[in-house]
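Visitor: Right, I'll just put the structure down here and ask away after.
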Amino acid sequence: MALDPRRAAVWQAMGLGPVWQSRGSAPVAAEDRTATVPAVEPVQASAAAVAMDWPTLRERVASCVACGLCKTRTQTVFGVGHAQAHWMIVGEAPGAEEDARGEPFVGQAGRLLDNMLASVGMSRQAAGATEAVFIANVLKCRPPNNRNPEPSEVASCQPFLQRQLELVGPKLVIVMGRFAAQSLLATEASIASLRGKVHGIDVAGRRVPVIVTYHPAYLLRNLADKSKSWADLCLARSTYRDLADRAAQ
Ligand code: URA
């Protein structure tokens with residue numbers, strides 16, 4: 001899928017090149033292109049995340065003032081889980097509870113996420129990397145009143161998530177919700193058209209499979225779609241197992 005030229009220019013300017021470029025997504029019908037993440041504007045500071053180690057990255061996120069969200073946050077929300085987790089979960093941005101507690105997905109949606117992960121044998125608390133997830137958001141700070149993230153905020157924060165991906169080195173990534181999916185896969189396609197396929201991103205020269213599913217907060221309001229989300233998790237599990245089997249051969 002062709003990348004929005006403005007967005008492509010930003011990736012280029014940040015030296016991110018193809019890192020976030022999705023390959024292999026099916027073309028999307030015009031009627032599927034509903035509300036989309038707006039194109040990203042030029043960026044600044046946090047691009048220096050590129051070579052940071054984990055403690056430095058954590059510190060840099062905690063003290064970040066690269067966008068206006070630093071003025072309204074209680075604290076940053078770095079992420080949680082095993083630092084070498086085999087799965088990485090990417091959500092949108094902290095909400096009120098996450099902002100208060102400093103951990104992603106701790107509200108009702110977080111409890112649903114934990115249950116969903118447990119159903120496929122994965123957990124944010126697992127001691128072993130193979131059963132562990134690392135959970136992070138596209139944005140590390142809460143947008144006031146839970147408004148949608150601004151393109152400039154996404155651009156400021158993006159190097160942090162990219163570096164987290166590089167350092168964790170997940171074997172599989174699950175993106176939750178339209179916003180995270182469109183940001184990570186650099187696409188304007190709808191979530192309906194992105195689900196049910198194995199996408200991919202390049203992380204530090206390695207192709208990592210990406211599965212798109214609904215955001216847990218959406219599932220709380222749309223119970224009928226839980227079965228689709230279960231199918232997505234099954235796809236994630238089988239994709240991961242195939243990879244592990246291939247690696248063992
Ligand atoms: N929604 C998200 O996308 N992330 C969180 O951490 C909490 C709610």
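Order determines the names: the first chain of the structure tokens is A, the second B, and so forth; residues in each chain are numbered 1 upward, and ligands are numbered 1 upward as they are shown.
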With the cut-off set at 8 Å and counting only C-alpha atoms and all ligand atoms, tabulate each residue of chain A with an atom at most that distance from an atom of ligand 1, showing the nearest atom pair and its distance in Å to one decimal, ordered by chain and increasing number, as JSON lines.
Guide:
{"residue": "A:Val77", "atom": "CA", "partner": "ligand 1", "partner_atom_place_in_ligand_line": "6 (O)", "distance": 7.7}
{"residue": "A:Val90", "atom": "CA", "partner": "ligand 1", "partner_atom_place_in_ligand_line": "3 (O)", "distance": 7.5}
{"residue": "A:Gly91", "atom": "CA", "partner": "ligand 1", "partner_atom_place_in_ligand_line": "3 (O)", "distance": 3.8}
{"residue": "A:Glu92", "atom": "CA", "partner": "ligand 1", "partner_atom_place_in_ligand_line": "3 (O)", "distance": 3.5}
{"residue": "A:Ala93", "atom": "CA", "partner": "ligand 1", "partner_atom_place_in_ligand_line": "4 (N)", "distance": 4.5}
{"residue": "A:Pro94", "atom": "CA", "partner": "ligand 1", "partner_atom_place_in_ligand_line": "6 (O)", "distance": 4.0}
{"residue": "A:Gly95", "atom": "CA", "partner": "ligand 1", "partner_atom_place_in_ligand_line": "7 (C)", "distance": 5.0}
{"residue": "A:Glu97", "atom": "CA", "partner": "ligand 1", "partner_atom_place_in_ligand_line": "7 (C)", "distance": 7.8}
{"residue": "A:Glu98", "atom": "CA", "partner": "ligand 1", "partner_atom_place_in_ligand_line": "6 (O)", "distance": 5.8}
{"residue": "A:Glu103", "atom": "CA", "partner": "ligand 1", "partner_atom_place_in_ligand_line": "6 (O)", "distance": 6.8}
{"residue": "A:Pro104", "atom": "CA", "partner": "ligand 1", "partner_atom_place_in_ligand_line": "6 (O)", "distance": 3.4}
{"residue": "A:Phe105", "atom": "CA", "partner": "ligand 1", "partner_atom_place_in_ligand_line": "6 (O)", "distance": 3.9}
{"residue": "A:Val106", "atom": "CA", "partner": "ligand 1", "partner_atom_place_in_ligand_line": "7 (C)", "distance": 6.8}
{"residue": "A:Gly107", "atom": "CA", "partner": "ligand 1", "partner_atom_place_in_ligand_line": "7 (C)", "distance": 7.1}
{"residue": "A:Ala109", "atom": "CA", "partner": "ligand 1", "partner_atom_place_in_ligand_line": "8 (C)", "distance": 6.6}
{"residue": "A:Gly110", "atom": "CA", "partner": "ligand 1", "partner_atom_place_in_ligand_line": "7 (C)", "distance": 6.7}
{"residue": "A:Ala136", "atom": "CA", "partner": "ligand 1", "partner_atom_place_in_ligand_line": "6 (O)", "distance": 7.1}
{"residue": "A:Asn137", "atom": "CA", "partner": "ligand 1", "partner_atom_place_in_ligand_line": "4 (N)", "distance": 5.7}
{"residue": "A:Val138", "atom": "CA", "partner": "ligand 1", "partner_atom_place_in_ligand_line": "3 (O)", "distance": 8.0}
{"residue": "A:Met176", "atom": "CA", "partner": "ligand 1", "partner_atom_place_in_ligand_line": "3 (O)", "distance": 7.1}
{"residue": "A:Gly177", "atom": "CA", "partner": "ligand 1", "partner_atom_place_in_ligand_line": "3 (O)", "distance": 7.5}
{"residue": "A:Ala180", "atom": "CA", "partner": "ligand 1", "partner_atom_place_in_ligand_line": "3 (O)", "distance": 7.7}
{"residue": "A:His215", "atom": "CA", "partner": "ligand 1", "partner_atom_place_in_ligand_line": "3 (O)", "distance": 7.0}
{"residue": "A:Pro216", "atom": "CA", "partner": "ligand 1", "partner_atom_place_in_ligand_line": "1 (N)", "distance": 7.7}
{"residue": "A:Ala217", "atom": "CA", "partner": "ligand 1", "partner_atom_place_in_ligand_line": "1 (N)", "distance": 6.9}
Visitor: Give me, as number ranges by chain, all polymer residues having an atom no more than 10 Å from Lys71 (chain A), counting only C-alpha atoms and skipping those fewer than 5 positions away in the same chain.
Guide: A: 65, 141, 144
Visitor: I need the residues from that last selection saved to file as a short mmCIF file (atom, residue, chain, number, x, y, z; two decimals), in the first residue's frame (with all heavy atoms), if you can.
Guide:
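Contents of again15.cif, as written:
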data_model
loop_
_atom_site.label_atom_id
_atom_site.label_comp_id
_atom_site.auth_asym_id
_atom_site.auth_seq_id
_atom_site.Cartn_x
_atom_site.Cartn_y
_atom_site.Cartn_z
N VAL A 65 9.91 16.25 27.18
CA VAL A 65 9.08 17.45 27.05
C VAL A 65 8.95 17.81 25.56
O VAL A 65 8.81 18.97 25.20
CB VAL A 65 9.67 18.65 27.84
CG1 VAL A 65 9.54 18.42 29.33
CG2 VAL A 65 11.15 18.89 27.48
N CYS A 141 2.28 9.52 26.89
CA CYS A 141 1.56 10.45 27.77
C CYS A 141 0.08 10.47 27.39
O CYS A 141 -0.27 10.29 26.22
CB CYS A 141 2.11 11.87 27.63
SG CYS A 141 3.83 12.03 28.14
N PRO A 144 -5.17 14.87 26.89
CA PRO A 144 -6.21 15.35 27.79
C PRO A 144 -7.60 14.94 27.34
O PRO A 144 -7.88 14.92 26.14
CB PRO A 144 -6.05 16.88 27.74
CG PRO A 144 -4.83 17.16 26.97
CD PRO A 144 -4.35 15.91 26.31
#
Visitor: Which of these residues is nearest to Val175 (chain A), using only C-alpha atoms: A:Val154, A:Ala100, A:Met88, A:Val120?
Guide: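 Under the stated criterion, the closest residue is A:Met88.
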Visitor: Which of these residues is nearest to Glu150 (chain A), using only C-alpha atoms: A:Leu69, A:Met116, A:Val210, A:Ile135?
Guide: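 Residue with the minimum atom-to-atom distance to Glu150 (chain A): A:Leu69.
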Visitor: Quote the spacing between CA of Leu194 (chain A) and CA of Asp245 (chain A) in Å to one decimal place.
Guide: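 These two atoms are separated by 25.4 Å.
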Visitor: So which bits of region 116-244 of chain A end up strand (DSSP E or B) when you DSSP the backbone, as a VMD selection string?
Guide: chain A and resid 123 132 to 137 172 to 176 199 to 203 206 to 213
Visitor: Can you list, as a PyMOL selection string, every protein, DNA or RNA residue that comes within 12 Å of Thr130 (chain A) when you count only C-alpha atoms, leaving out same-chain residues fewer than 3 positions away?
Guide: chain A and resi 81-88+120-127+133-134+170-172+237+240-241+244
Visitor: One decimal, Å: what's the distance from CA of Arg178 (chain A) over to CA of Ser238 (chain A), could you say?
Guide: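 CA of Ser238 (chain A) lies at a distance of 22.6 Å from CA of Arg178 (chain A).
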Visitor: What does the structure give for the distance between CA of Ile191 (chain A) and CA of Ile174 (chain A), in Å to one decimal?
Guide: 12.7 Å
Visitor: Give the answer as one residue: which of A:Leu117, A:Ala204, A:Ala155, A:Ala132 has the shortest atom-to-atom distance to Val50 (chain A), using only C-alpha atoms?
Guide: A:Ala204
Visitor: Apply DSSP to the structure's backbone, then extract all residues of region 59-235 of chain A labelled alpha helix (DSSP H) and return them as a ChimeraX atom specification.
Guide: /A:59-62,96-101,108-119,151-168,178-185,191-194,216-221,226-235
